[in-house]
>>> print(open('entry-v8.txt').read())   # compact mmCIF, C-alpha atoms and all ligand atoms
# COMPACT_ATOMS: atom_id res chain seq x y z
CA MET A 78 91.20 200.59 47.13
CA ARG A 79 92.82 203.95 47.86
CA GLU A 80 95.58 203.76 50.47
CA SER A 81 93.88 206.50 52.54
CA THR A 82 90.67 204.43 52.64
CA ILE A 83 92.62 201.38 53.78
CA MET A 84 94.40 203.37 56.49
CA LYS A 85 91.15 204.93 57.69
CA ILE A 86 89.87 201.38 58.10
CA HIS A 87 93.15 200.49 59.85
CA TYR A 88 92.82 203.29 62.42
CA GLY A 89 89.04 202.80 62.74
CA THR A 90 89.35 199.07 63.43
CA ALA A 91 92.03 199.81 66.06
CA LEU A 92 89.81 202.31 67.88
CA ALA A 93 86.72 200.10 67.69
CA ALA A 94 88.76 197.14 68.91
CA VAL A 95 89.92 199.11 71.97
CA ALA A 96 86.27 199.77 72.87
CA LEU A 97 85.03 196.25 72.22
CA VAL A 98 87.99 194.52 73.86
CA ALA A 99 87.34 196.68 76.94
CA VAL A 100 83.74 195.42 77.05
CA HIS A 101 85.03 191.89 76.46
CA ILE A 102 87.44 192.15 79.42
CA LEU A 103 84.73 193.63 81.66
CA MET A 104 82.42 190.74 80.77
CA ARG A 105 85.13 188.28 81.71
CA LEU A 106 85.65 190.07 85.04
CA THR A 107 82.02 189.42 85.98
CA GLN A 108 82.85 185.74 85.96
CA GLY A 109 86.41 185.65 87.22
CA PHE A 110 89.16 184.94 84.70
CA ALA A 111 89.85 181.44 85.95
CA ASP A 112 86.42 180.12 84.99
CA SER A 113 86.36 181.84 81.58
CA LEU A 114 88.02 179.00 79.74
CA GLU A 115 85.93 176.19 81.26
CA TYR A 116 84.39 174.21 78.38
CA GLU A 117 80.81 174.77 79.48
CA SER A 118 81.41 178.44 80.13
CA VAL A 119 82.87 179.00 76.63
CA LEU A 120 79.87 177.27 75.07
CA ALA A 121 77.47 179.32 77.17
CA ASN A 122 79.16 182.54 76.11
CA TYR A 123 78.98 181.62 72.44
CA LYS A 124 75.28 180.85 72.85
CA PHE A 125 74.55 184.24 74.38
CA ILE A 126 73.80 185.91 71.04
CA PRO A 127 74.64 189.60 71.78
CA TYR A 128 77.99 188.56 73.28
CA ALA A 129 78.68 186.14 70.44
CA ILE A 130 78.03 188.95 67.96
CA MET A 131 80.50 191.14 69.83
CA LEU A 132 83.15 188.41 69.79
CA GLU A 133 82.55 187.99 66.07
CA LEU A 134 83.02 191.74 65.60
CA ILE A 135 86.30 191.73 67.54
CA LEU A 136 87.44 188.84 65.37
CA ILE A 137 86.65 190.79 62.20
CA LEU A 138 88.16 194.07 63.47
CA LEU A 139 91.42 192.51 64.60
CA ALA A 140 91.74 190.25 61.56
CA VAL A 141 91.30 193.25 59.24
CA HIS A 142 93.66 195.42 61.34
CA GLY A 143 96.28 192.74 61.92
CA PHE A 144 96.53 191.46 58.35
CA ASN A 145 96.54 194.96 56.89
CA GLY A 146 99.34 195.75 59.37
CA LEU A 147 101.19 192.69 58.13
CA ARG A 148 100.70 193.85 54.52
CA VAL A 149 102.22 197.23 55.46
CA ILE A 150 105.23 195.58 57.08
CA LEU A 151 105.80 193.29 54.10
CA ILE A 152 105.55 195.94 51.38
CA GLU A 153 107.98 198.13 53.32
CA LEU A 154 110.41 195.25 53.61
CA LYS A 155 110.71 194.43 49.92
CA GLN A 156 109.36 195.99 46.73
CA GLY A 157 108.33 194.72 43.33
CA ARG A 158 105.08 194.64 41.40
CA ILE A 159 104.47 190.89 41.57
CA TYR A 160 105.67 190.62 45.17
CA GLU A 161 103.41 193.44 46.31
CA LYS A 162 100.40 191.98 44.51
CA ALA A 163 101.09 188.61 46.13
CA VAL A 164 101.38 190.26 49.57
CA SER A 165 98.10 192.17 49.13
CA TYR A 166 96.06 189.22 47.93
CA GLY A 167 97.81 186.84 50.36
CA CYS A 168 96.92 189.05 53.34
CA LEU A 169 93.35 189.45 52.10
CA ALA A 170 93.00 185.67 51.73
CA ALA A 171 94.49 185.04 55.18
CA MET A 172 92.16 187.66 56.66
CA ILE A 173 89.09 186.02 55.11
CA GLY A 174 90.39 182.58 56.10
CA LEU A 175 90.85 183.56 59.75
CA ILE A 176 87.45 185.24 59.95
CA ALA A 177 85.81 182.19 58.34
CA TYR A 178 87.57 179.80 60.72
CA GLY A 179 86.64 181.84 63.82
CA SER A 180 83.06 182.36 62.67
CA ARG A 181 82.71 178.64 62.01
CA THR A 182 83.35 177.91 65.71
CA ILE A 183 80.76 180.44 66.87
CA ILE A 184 78.15 179.36 64.30
CA MET A 185 78.65 175.65 64.96
CA THR A 186 78.14 176.20 68.67
CA ASN A 187 74.95 178.10 68.08
CA MET A 188 73.62 175.45 65.73
CA GLY A 189 74.14 172.89 68.45
CA LEU A 190 76.85 171.02 66.52
CA VAL A 191 79.22 170.80 69.49
CA MET B 131 144.60 200.67 53.61
CA ALA B 132 144.30 202.84 56.70
CA GLN B 133 146.92 205.54 56.73
CA VAL B 134 147.69 208.42 59.03
CA SER B 135 149.08 211.55 57.44
CA SER B 136 149.49 214.98 58.90
CA ILE B 137 150.41 218.47 57.83
CA SER B 138 153.43 219.67 59.72
CA ASN B 139 154.35 222.79 57.83
CA GLU B 140 151.08 224.67 58.22
CA GLN B 141 150.65 224.74 61.94
CA SER B 142 149.27 227.74 63.71
CA SER B 143 149.90 228.16 67.38
CA THR B 144 146.24 227.87 68.45
CA ALA B 145 145.41 224.92 66.20
CA LYS B 146 144.46 221.59 67.67
CA SER B 147 144.22 218.42 65.67
CA ILE B 148 141.82 215.55 65.16
CA ILE B 149 141.84 212.31 63.25
CA LEU B 150 139.51 212.63 60.25
CA LYS B 151 138.27 209.22 59.14
CA ILE B 152 136.91 209.33 55.60
CA SER B 153 134.90 206.48 54.13
CA ARG B 154 136.38 205.55 50.74
CA TYR B 155 134.38 203.51 48.28
CA ASN B 156 134.26 203.24 44.52
CA PRO B 157 131.35 200.96 43.56
CA GLU B 158 133.03 200.28 40.21
CA HIS B 159 135.88 198.29 41.73
CA ASP B 160 135.62 198.13 45.53
CA GLU B 161 133.75 195.37 47.31
CA SER B 162 133.12 197.43 50.40
CA SER B 163 133.99 200.78 51.86
CA GLN B 164 137.12 201.37 53.89
CA PHE B 165 138.17 204.22 56.14
CA MET B 166 141.26 206.32 55.48
CA GLU B 167 142.59 208.32 58.40
CA PHE B 168 144.14 211.77 58.25
CA ASN B 169 145.53 213.95 60.97
CA VAL B 170 144.00 217.39 60.45
CA LYS B 171 144.63 220.68 62.23
CA TYR B 172 141.61 222.77 63.05
CA GLU B 173 140.63 226.09 64.56
CA LYS B 174 137.51 226.87 66.54
CA TRP B 175 135.73 227.87 63.34
CA THR B 176 136.94 225.09 61.03
CA THR B 177 134.08 223.16 59.45
CA VAL B 178 134.11 219.48 58.56
CA LEU B 179 133.93 220.47 54.88
CA GLU B 180 137.05 222.61 55.26
CA ALA B 181 138.84 219.70 56.91
CA ILE B 182 137.90 217.42 54.01
CA LEU B 183 139.06 220.06 51.50
CA ASP B 184 142.31 220.30 53.47
CA VAL B 185 142.78 216.57 53.01
CA LYS B 186 142.10 216.93 49.29
CA LYS B 187 144.60 219.76 49.02
CA HIS B 188 147.42 218.23 51.00
CA PHE B 189 147.07 214.44 51.06
CA ASP B 190 144.70 212.88 48.62
CA HIS B 191 143.04 214.80 45.86
CA SER B 192 140.94 211.79 44.86
CA VAL B 193 138.58 212.02 47.87
CA ALA B 194 135.14 212.54 46.30
CA VAL B 195 132.92 215.10 47.99
CA ARG B 196 130.12 217.30 46.68
CA TYR B 197 129.84 220.91 47.80
CA SER B 198 129.20 224.34 46.42
CA CYS B 199 127.98 227.22 48.59
CA ARG B 200 129.82 226.43 51.87
CA GLN B 201 127.06 228.26 53.73
CA ALA B 202 124.18 225.78 54.24
CA THR B 203 122.28 227.06 51.22
CA CYS B 204 122.85 224.78 48.25
CA GLY B 205 122.17 221.46 49.99
CA SER B 206 125.12 219.65 48.36
CA CYS B 207 127.31 218.59 51.26
CA GLY B 208 125.10 216.28 53.31
CA MET B 209 126.95 213.34 54.86
CA ILE B 210 127.02 211.22 58.00
CA ILE B 211 129.32 212.96 60.48
CA ASN B 212 130.06 211.00 63.64
CA GLY B 213 127.00 208.87 63.00
CA LYS B 214 124.48 211.62 62.34
CA PRO B 215 123.35 213.10 59.01
CA ARG B 216 124.58 216.71 58.83
CA LEU B 217 125.78 219.35 56.39
CA ALA B 218 129.59 219.29 56.33
CA CYS B 219 129.76 223.05 55.73
CA PHE B 220 127.43 223.75 58.65
CA THR B 221 129.16 221.52 61.20
CA LYS B 222 132.16 222.85 63.07
CA ILE B 223 134.73 220.33 64.23
CA SER B 224 134.87 222.07 67.61
CA GLU B 225 131.17 221.48 68.22
CA LEU B 226 131.54 217.72 67.71
CA ASP B 227 133.58 217.49 70.89
CA SER B 228 135.57 214.48 69.73
CA ASN B 229 139.16 213.70 68.78
CA VAL B 230 138.00 211.51 65.95
CA VAL B 231 135.65 212.76 63.26
CA THR B 232 134.18 210.11 61.00
CA VAL B 233 132.60 211.04 57.70
CA GLU B 234 130.53 208.64 55.62
CA PRO B 235 128.16 209.02 52.65
CA MET B 236 124.47 209.55 53.50
CA ASN B 237 122.41 206.45 54.18
CA ASN B 238 119.51 205.51 51.88
CA PHE B 239 121.23 206.96 48.79
CA PRO B 240 123.33 205.07 46.22
CA VAL B 241 127.01 206.02 46.48
CA ILE B 242 128.72 207.53 43.44
CA ARG B 243 132.12 207.53 45.12
CA ASP B 244 133.36 208.14 48.68
CA LEU B 245 131.13 210.88 50.16
CA ALA B 246 129.20 211.78 47.01
CA VAL B 247 125.79 210.15 46.58
CA LYS B 248 123.20 210.06 43.81
CA PHE B 249 120.35 212.54 44.21
CA GLU B 250 118.22 211.37 41.27
CA LYS B 251 115.53 209.69 43.36
CA LEU B 252 115.33 212.63 45.80
CA PHE B 253 114.81 215.06 42.92
CA ASP B 254 112.37 212.72 41.14
CA SER B 255 110.22 212.43 44.27
CA HIS B 256 110.40 216.17 44.77
CA GLN B 257 109.29 216.75 41.20
CA LYS B 258 106.52 214.19 41.52
CA ILE B 259 104.60 216.24 44.11
CA LYS B 260 104.48 219.25 41.73
CA PRO B 261 106.63 221.73 43.66
CA TYR B 262 105.14 224.87 42.13
CA LEU B 263 101.96 226.91 42.48
CA ILE B 264 99.11 225.42 40.53
CA ARG B 265 96.27 227.66 39.41
CA ASP B 266 94.34 228.43 36.25
CA ASP B 267 95.38 232.08 36.10
CA THR B 268 99.10 231.55 36.61
CA GLU B 269 99.97 233.89 33.76
CA LEU B 270 99.44 237.40 35.11
CA VAL B 271 98.14 239.97 32.67
CA SER B 272 99.84 243.34 32.67
CA ASP B 273 97.52 245.40 34.86
CA GLU B 274 97.12 242.73 37.57
CA LYS B 275 99.00 242.83 40.85
CA GLU B 276 100.89 239.95 42.38
CA PHE B 277 98.94 237.41 44.48
CA LEU B 278 98.85 239.04 47.89
CA GLN B 279 98.96 237.07 51.14
CA THR B 280 98.41 238.11 54.73
CA PRO B 281 101.22 237.45 57.22
CA GLU B 282 99.02 234.68 58.69
CA GLU B 283 98.73 233.00 55.31
CA VAL B 284 102.52 233.15 54.88
CA GLU B 285 102.98 231.65 58.37
CA GLN B 286 101.12 228.54 57.24
CA TYR B 287 103.91 227.37 54.94
CA ILE B 288 107.00 229.60 55.17
CA GLN B 289 108.89 227.27 57.49
CA PHE B 290 108.53 224.49 54.93
CA ALA B 291 109.75 226.74 52.13
CA ASN B 292 113.20 226.78 53.75
CA CYS B 293 114.00 223.30 52.44
CA ILE B 294 117.30 223.21 50.54
CA LYS B 295 116.86 219.64 49.19
CA CYS B 296 119.92 218.37 51.03
CA GLY B 297 118.36 214.94 51.59
CA LEU B 298 119.46 214.66 55.24
CA CYS B 299 115.87 213.88 56.28
CA ASN B 300 115.60 211.07 53.75
CA SER B 301 118.94 209.76 54.97
CA ALA B 302 117.69 209.64 58.58
CA CYS B 303 114.29 208.10 57.78
CA PRO B 304 113.88 204.46 58.91
CA THR B 305 111.20 203.76 56.28
CA MET B 306 113.55 204.93 53.51
CA ALA B 307 116.05 202.34 54.72
CA THR B 308 113.94 199.40 53.55
CA ASP B 309 111.25 200.88 51.30
CA SER B 310 112.99 201.88 48.08
CA SER B 311 109.71 203.20 46.64
CA PHE B 312 108.81 205.44 49.60
CA VAL B 313 108.30 209.06 48.52
CA GLY B 314 110.23 210.27 51.60
CA PRO B 315 110.01 213.11 54.14
CA GLN B 316 111.60 215.72 51.86
CA ALA B 317 108.93 215.41 49.16
CA LEU B 318 106.10 215.05 51.69
CA ALA B 319 107.15 218.24 53.49
CA GLN B 320 107.19 220.01 50.12
CA ALA B 321 103.74 218.64 49.27
CA TYR B 322 102.55 220.29 52.48
CA ARG B 323 104.41 223.51 51.64
CA TYR B 324 102.36 223.94 48.45
CA VAL B 325 99.06 222.53 49.73
CA ALA B 326 99.14 225.02 52.65
CA ASP B 327 99.90 227.99 50.38
CA SER B 328 96.77 230.15 49.99
CA ARG B 329 97.76 231.00 46.39
CA ASP B 330 97.83 227.35 45.37
CA LYS B 331 94.88 225.45 43.89
CA GLY B 332 96.56 222.09 43.35
CA LYS B 333 95.65 220.45 46.66
CA ASP B 334 93.52 217.64 45.27
CA SER B 335 96.00 216.54 42.64
CA ARG B 336 98.89 216.62 45.13
CA LEU B 337 96.99 214.69 47.81
CA LYS B 338 96.15 212.08 45.18
CA ILE B 339 99.83 211.68 44.25
CA ILE B 340 100.93 211.00 47.83
CA ASP B 341 97.93 208.74 48.59
CA ASP B 342 99.80 205.73 47.26
CA SER B 343 100.91 202.43 48.77
CA HIS B 344 104.42 203.95 49.11
CA GLY B 345 103.17 207.46 49.87
CA ILE B 346 102.37 209.40 53.03
CA TRP B 347 100.95 206.42 54.95
CA ARG B 348 104.34 204.76 55.11
CA CYS B 349 105.47 207.38 57.63
CA HIS B 350 105.33 205.87 61.13
CA PHE B 351 106.05 208.98 63.17
CA ALA B 352 109.72 208.19 63.95
CA GLY B 353 110.54 211.90 63.69
CA SER B 354 114.23 211.40 62.77
CA CYS B 355 113.77 213.67 59.73
CA SER B 356 112.98 216.68 61.88
CA GLN B 357 115.87 215.97 64.24
CA VAL B 358 118.44 216.19 61.47
CA CYS B 359 117.01 218.97 59.26
CA PRO B 360 119.57 221.81 59.21
CA LYS B 361 116.98 224.41 58.16
CA GLY B 362 114.34 223.81 60.83
CA VAL B 363 111.81 222.59 58.28
CA ASP B 364 110.30 219.90 60.56
CA PRO B 365 109.17 217.48 57.84
CA ALA B 366 107.52 215.21 60.44
CA MET B 367 105.12 217.99 61.38
CA GLY B 368 104.41 218.72 57.71
CA ILE B 369 103.54 215.06 57.21
CA GLN B 370 101.14 215.05 60.16
CA LEU B 371 99.48 218.28 58.99
CA LEU B 372 99.15 216.79 55.52
CA ARG B 373 97.54 213.70 57.06
CA GLY B 374 95.04 216.06 58.67
CA TYR B 375 93.77 216.95 55.19
CA MET B 376 93.56 213.32 54.15
CA LEU B 377 91.70 212.22 57.28
CA GLY B 378 89.26 215.12 57.02
CA PHE B 379 90.47 217.13 60.04
CA ARG B 380 91.61 220.03 57.83
CA SER B 381 90.28 221.42 54.61
C1 LIG C 1 93.29 197.41 70.00
C2 LIG C 1 94.43 198.00 70.17
C3 LIG C 1 95.24 198.43 68.98
C4 LIG C 1 95.48 199.70 68.55
C5 LIG C 1 94.95 200.99 69.20
C6 LIG C 1 96.29 199.64 67.36
C7 LIG C 1 96.73 200.73 66.63
C8 LIG C 1 97.56 200.67 65.54
C9 LIG C 1 98.00 201.81 64.78
C10 LIG C 1 97.63 203.25 65.03
C11 LIG C 1 98.82 201.35 63.81
C12 LIG C 1 99.51 202.17 62.74
C13 LIG C 1 100.91 202.45 63.16
C14 LIG C 1 101.69 203.15 62.10
O1 LIG C 1 101.18 203.48 61.02
O2 LIG C 1 102.88 203.36 62.35
C15 LIG C 1 98.91 199.92 63.95
C16 LIG C 1 99.66 199.09 63.15
C17 LIG C 1 99.65 197.73 63.24
N1 LIG C 1 98.90 196.95 64.07
FE1 LIG C 1 97.70 197.63 65.54
N2 LIG C 1 96.56 198.32 67.08
C18 LIG C 1 95.92 197.55 68.03
C19 LIG C 1 95.91 196.17 68.12
C20 LIG C 1 96.56 195.34 67.24
C21 LIG C 1 96.49 193.88 67.29
C22 LIG C 1 95.75 193.06 68.34
C23 LIG C 1 97.26 193.43 66.26
C24 LIG C 1 97.54 192.01 65.85
C25 LIG C 1 96.56 191.22 65.47
C26 LIG C 1 97.80 194.58 65.56
C27 LIG C 1 98.64 194.52 64.46
C28 LIG C 1 99.18 195.62 63.85
C29 LIG C 1 100.19 195.53 62.83
C30 LIG C 1 100.81 194.25 62.28
C31 LIG C 1 100.49 196.86 62.44
C32 LIG C 1 101.47 197.28 61.36
C33 LIG C 1 102.76 197.67 61.96
C34 LIG C 1 102.97 199.14 61.91
O3 LIG C 1 102.42 199.83 61.02
O4 LIG C 1 103.72 199.64 62.74
N3 LIG C 1 97.35 195.73 66.17
N4 LIG C 1 98.12 199.51 65.01
S1 LIG C 2 113.45 219.04 54.83
FE1 LIG C 2 115.37 219.71 55.82
S2 LIG C 2 116.63 217.84 55.85
FE2 LIG C 2 115.00 217.48 54.37
S3 LIG C 2 115.87 218.04 52.38
FE3 LIG C 2 114.78 219.86 53.18
S4 LIG C 2 116.36 221.04 54.27
FE4 LIG C 2 117.21 218.99 53.96
S1 LIG C 3 128.14 223.33 50.57
FE1 LIG C 3 126.14 224.17 50.18
S2 LIG C 3 125.01 223.34 51.82
FE2 LIG C 3 127.00 222.76 52.33
>>> encode(input="entry-v8.txt", output="structure tokens")
Amino acid sequence: MRESTIMKIHYGTALAAVALVAVHILMRLTQGFADSLEYESVLANYKFIPYAIMLELILILLAVHGFNGLRVILIELKQGRIYEKAVSYGCLAAMIGLIAYGSRTIIMTNMGLV
Amino acid sequence: MAQVSSISNEQSSTAKSIILKISRYNPEHDESSQFMEFNVKYEKWTTVLEAILDVKKHFDHSVAVRYSCRQATCGSCGMIINGKPRLACFTKISELDSNVVTVEPMNNFPVIRDLAVKFEKLFDSHQKIKPYLIRDDTELVSDEKEFLQTPEEVEQYIQFANCIKCGLCNSACPTMATDSSFVGPQALAQAYRYVADSRDKGKDSRLKIIDDSHGIWRCHFAGSCSQVCPKGVDPAMGIQLLRGYMLGFRS
């Protein structure tokens, strides 16, 4: 992928995350922060489909943004063809891994597995 | 090997003196650099380059320094003076306001010896962005006029055309310090200089060249390049304007 395409995604995900995280925080305010992490409350939130989709989106946006940011830091730290390839594919794999792991929690809740 | 030497026979009544600390290093047989100290007389108008040449003349001819024009035009004499990248011929000792003047080779460049550094990578990066007008009809036929520009069109790039390739910006850049493949502020500012020139038609090819994993996106807006540029080029602004093209804000 062209570097400019990657960086457009990087800036885009940051902006979208600001908007969605704001909604996320406002939603939490409706309930009071203290209750947010109650087991039942977390399950209920995951089962509320529009909100669960938004959480999933934040997960994707920040995983893409964060791991691309990490790739940038690492290729600026050290150079070399093999090293840079390893960094790129490593970050991509970690990104997919994190999204898969986070999605698994949301999907399992909705399928009634927890 | 620190030593203090001074000229006693060439004193003028108004002259004051400073300690000039020169970084000495020969990569062929030294493990690390060491400072040598010299007591140097100076007048209000004495430049750091003149002080170094004084040392060469009177104390130690082996001090390696690169210079040519002595008037901030050739871009040869960049070095770190009291911690900041500057042109030695364009920095007066009196303006430094210090009794000790320390001179070191520029950061982010391999040292040849003492204050002289290798410019190969700077020039390669500069050449990479095609620093010339690109167009199909470059060869003028006899009855054609030159390519005219309005004053507004000249305004777009003329500031960036003042670059003397001294490398001070690259020396100040924090990305250059760790990213050995980074194209650097000097070349990026020159890419903008040609892209913004109304006579030039090479925008697409130049933008492609700097759209690389060690290209324009590795600038993180530190702005050190513009702080040290002796010619007022403002490479940081050039980089942001160039980004405007790449993000679709300019065409
Ligand atoms: C939602 C608010 C956020 C905004 C507006 C934002 C914005 C940005 C921008 C503009 C850059 C590019 C900086 C540059 O090129 O110098 C960047 C880089 C980066 N971001 Fe974010 N970011 C946000 C959240 C996050 C989060 C939550 C993480 C961690 C998961 C993260 C990790 C990174 C990393 C590692 C870099 C690379 C470091 C760098 O380039 O300086 N960001 N961010
Ligand atoms: S932009 Fe300024 S500091 Fe950089 S090489 Fe050109 S003249 Fe020197
Ligand atoms: S000697 Fe030419 S710029 Fe200083």
>>> residues_near_ligand(input="entry-v8.txt", ligand="ligand LIG 2 (chain C)", cutoff="6 Å", atoms="only C-alpha atoms and all ligand atoms", output="MDAnalysis selection string")
chainID B and resid 293:299 316 359:361 363 365
>>> residues_around(input="entry-v8.txt", residues="Leu132 in chain A", least_positions_apart="2", cutoff="12 Å", atoms="all atoms listed in the file", output="number ranges by chain")
A: 94, 97-102, 104, 119, 122-130, 134-139, 176, 179-180, 182-184
>>> residues_near_point(input="entry-v8.txt", point="(101.5, 220.9, 44.8)", cutoff="12 Å", atoms="all atoms listed in the file", output="number ranges by chain")
B: 256-265, 317-340, 372
>>> closest_atom_pairs(input="entry-v8.txt", of="chain A", to="chain B", cutoff="7 Å", atoms="only C-alpha atoms", output="Markdown table")
| residue | atom | partner | partner_atom | distance |
| --- | --- | --- | --- | --- |
| A:Glu80 | CA | B:Asp342 | CA | 5.7 |
| A:Ser81 | CA | B:Asp341 | CA | 6.1 |
| A:Glu153 | CA | B:Asp309 | CA | 4.7 |
| A:Leu154 | CA | B:Thr308 | CA | 5.4 |
| A:Lys155 | CA | B:Asp309 | CA | 6.6 |
| A:Gln156 | CA | B:Asp309 | CA | 7.0 |
>>> closest_residue(input="entry-v8.txt", among="B:Val231, B:Pro304, B:Arg380, B:Leu371", to="His350 in chain B", atoms="only C-alpha atoms")
B:Pro304
>>> residues_near_ligand(input="entry-v8.txt", ligand="ligand LIG 1 (chain C)", cutoff="7 Å", atoms="all atoms listed in the file", output="number ranges by chain")
A: 87-88, 91-92, 94-95, 139-140, 142-147, 149-150; B: 347-351
>>> residues_near_ligand(input="entry-v8.txt", ligand="ligand LIG 3 (chain C)", cutoff="9 Å", atoms="all atoms listed in the file", output="list of chain:residue names")
B:Leu179, B:Arg196, B:Tyr197, B:Ser198, B:Cys199, B:Arg200, B:Gln201, B:Ala202, B:Thr203, B:Cys204, B:Gly205, B:Ser206, B:Cys207, B:Gly208, B:Leu217, B:Ala218, B:Cys219, B:Phe220, B:Ile294, B:Cys296
>>> residues_around(input="entry-v8.txt", residues="Asn212 in chain B", least_positions_apart="3", cutoff="9 Å", atoms="only C-alpha atoms", output="ChimeraX atom specification")
/B:215,226,228,230-234
>>> residues_around(input="entry-v8.txt", residues="range 162-164 of chain A", least_positions_apart="5", cutoff="9 Å", atoms="all atoms listed in the file", output="PyMOL selection string")
chain A and resi 147-148+151-152+157+169
>>> residues_around(input="entry-v8.txt", residues="Lys171 in chain B", least_positions_apart="2", cutoff="7 Å", atoms="all atoms listed in the file", output="list in words")
Ala145, Lys146, Ser147, Ile148 and Asn169 of chain B
>>> write_last_selection(input="entry-v8.txt", atoms="C-alpha atoms", output="PDB file, in the coordinates of the input")
ATOM      1  CA  ALA B 145     145.410 224.920  66.200  1.00  0.00           C
ATOM      2  CA  LYS B 146     144.460 221.590  67.670  1.00  0.00           C
ATOM      3  CA  SER B 147     144.220 218.420  65.670  1.00  0.00           C
ATOM      4  CA  ILE B 148     141.820 215.550  65.160  1.00  0.00           C
ATOM      5  CA  ASN B 169     145.530 213.950  60.970  1.00  0.00           C
TER       6      ASN B 169
END
>>> closest_residue(input="entry-v8.txt", among="B:Gly353, B:Gly368, B:Pro235, B:Gly213", to="Arg154 in chain B", atoms="only C-alpha atoms")
B:Pro235
>>> residues_around(input="entry-v8.txt", residues="Leu183 in chain B", least_positions_apart="4", cutoff="10 Å", atoms="only C-alpha atoms", output="CSV table (one decimal) with C-alpha atoms, keeping the file's coordinate frame")
chain,number,residue,atom,x,y,z
B,177,THR,CA,134.1,223.2,59.4
B,178,VAL,CA,134.1,219.5,58.6
B,179,LEU,CA,133.9,220.5,54.9
B,187,LYS,CA,144.6,219.8,49.0
B,188,HIS,CA,147.4,218.2,51.0
B,189,PHE,CA,147.1,214.4,51.1
B,190,ASP,CA,144.7,212.9,48.6
B,191,HIS,CA,143.0,214.8,45.9
B,193,VAL,CA,138.6,212.0,47.9
B,194,ALA,CA,135.1,212.5,46.3
B,195,VAL,CA,132.9,215.1,48.0
B,197,TYR,CA,129.8,220.9,47.8
>>> atom_distance(input="entry-v8.txt", atom1="CA of Ala170 in chain A", atom2="CA of Asn187 in chain A")
25.5 Å
>>> closest_residue(input="entry-v8.txt", among="B:Gln370, B:Phe379, B:Ser356, B:Glu282", to="Arg216 in chain B", atoms="only C-alpha atoms")
B:Ser356
>>> atom_distance(input="entry-v8.txt", atom1="CA of Lys151 in chain B", atom2="CA of Phe239 in chain B")
20.1 Å
>>> closest_residue(input="entry-v8.txt", among="B:Ala181, B:Val247, B:Leu150, B:Ile211", to="Glu167 in chain B", atoms="all atoms listed in the file")
B:Leu150
>>> closest_residue(input="entry-v8.txt", among="A:Glu133, A:Gly89, A:Asp112, A:Thr107", to="Tyr178 in chain A", atoms="all atoms listed in the file")
A:Glu133
>>> atom_distance(input="entry-v8.txt", atom1="CA of Lys248 in chain B", atom2="CA of Met236 in chain B")
9.8 Å
>>> closest_residue(input="entry-v8.txt", among="B:Val358, B:Ala352, B:Val241, B:Ala246", to="Lys214 in chain B", atoms="all atoms listed in the file")
B:Val358
>>> build_atoms(input="entry-v8.txt", residues="range 182-190 of chain B", atoms="N, CA, C and O atoms", output="PDB file, keeping the file's coordinate frame")
ATOM      1  N   ILE B 182     137.844 218.362  55.142  1.00  0.00           N
ATOM      2  CA  ILE B 182     137.900 217.420  54.010  1.00  0.00           C
ATOM      3  C   ILE B 182     138.643 218.070  52.830  1.00  0.00           C
ATOM      4  O   ILE B 182     139.481 217.435  52.169  1.00  0.00           O
ATOM      5  N   LEU B 183     138.383 219.361  52.604  1.00  0.00           N
ATOM      6  CA  LEU B 183     139.060 220.060  51.500  1.00  0.00           C
ATOM      7  C   LEU B 183     140.563 220.173  51.776  1.00  0.00           C
ATOM      8  O   LEU B 183     141.385 220.115  50.861  1.00  0.00           O
ATOM      9  N   ASP B 184     140.906 220.289  53.063  1.00  0.00           N
ATOM     10  CA  ASP B 184     142.310 220.300  53.470  1.00  0.00           C
ATOM     11  C   ASP B 184     142.981 218.978  53.093  1.00  0.00           C
ATOM     12  O   ASP B 184     144.093 218.947  52.572  1.00  0.00           O
ATOM     13  N   VAL B 185     142.259 217.894  53.359  1.00  0.00           N
ATOM     14  CA  VAL B 185     142.780 216.570  53.010  1.00  0.00           C
ATOM     15  C   VAL B 185     142.968 216.474  51.498  1.00  0.00           C
ATOM     16  O   VAL B 185     143.990 216.001  51.010  1.00  0.00           O
ATOM     17  N   LYS B 186     141.985 216.974  50.744  1.00  0.00           N
ATOM     18  CA  LYS B 186     142.100 216.930  49.290  1.00  0.00           C
ATOM     19  C   LYS B 186     143.302 217.735  48.803  1.00  0.00           C
ATOM     20  O   LYS B 186     144.012 217.351  47.887  1.00  0.00           O
ATOM     21  N   LYS B 187     143.524 218.868  49.466  1.00  0.00           N
ATOM     22  CA  LYS B 187     144.600 219.760  49.020  1.00  0.00           C
ATOM     23  C   LYS B 187     145.979 219.198  49.349  1.00  0.00           C
ATOM     24  O   LYS B 187     146.901 219.276  48.552  1.00  0.00           O
ATOM     25  N   HIS B 188     146.079 218.593  50.544  1.00  0.00           N
ATOM     26  CA  HIS B 188     147.420 218.230  51.000  1.00  0.00           C
ATOM     27  C   HIS B 188     147.767 216.759  50.908  1.00  0.00           C
ATOM     28  O   HIS B 188     148.932 216.393  50.844  1.00  0.00           O
ATOM     29  N   PHE B 189     146.736 215.869  50.983  1.00  0.00           N
ATOM     30  CA  PHE B 189     147.070 214.440  51.060  1.00  0.00           C
ATOM     31  C   PHE B 189     146.555 213.614  49.896  1.00  0.00           C
ATOM     32  O   PHE B 189     147.255 212.785  49.336  1.00  0.00           O
ATOM     33  N   ASP B 190     145.291 213.790  49.587  1.00  0.00           N
ATOM     34  CA  ASP B 190     144.700 212.880  48.620  1.00  0.00           C
ATOM     35  C   ASP B 190     143.616 213.601  47.825  1.00  0.00           C
ATOM     36  O   ASP B 190     142.488 213.746  48.279  1.00  0.00           O
TER      37      ASP B 190
END
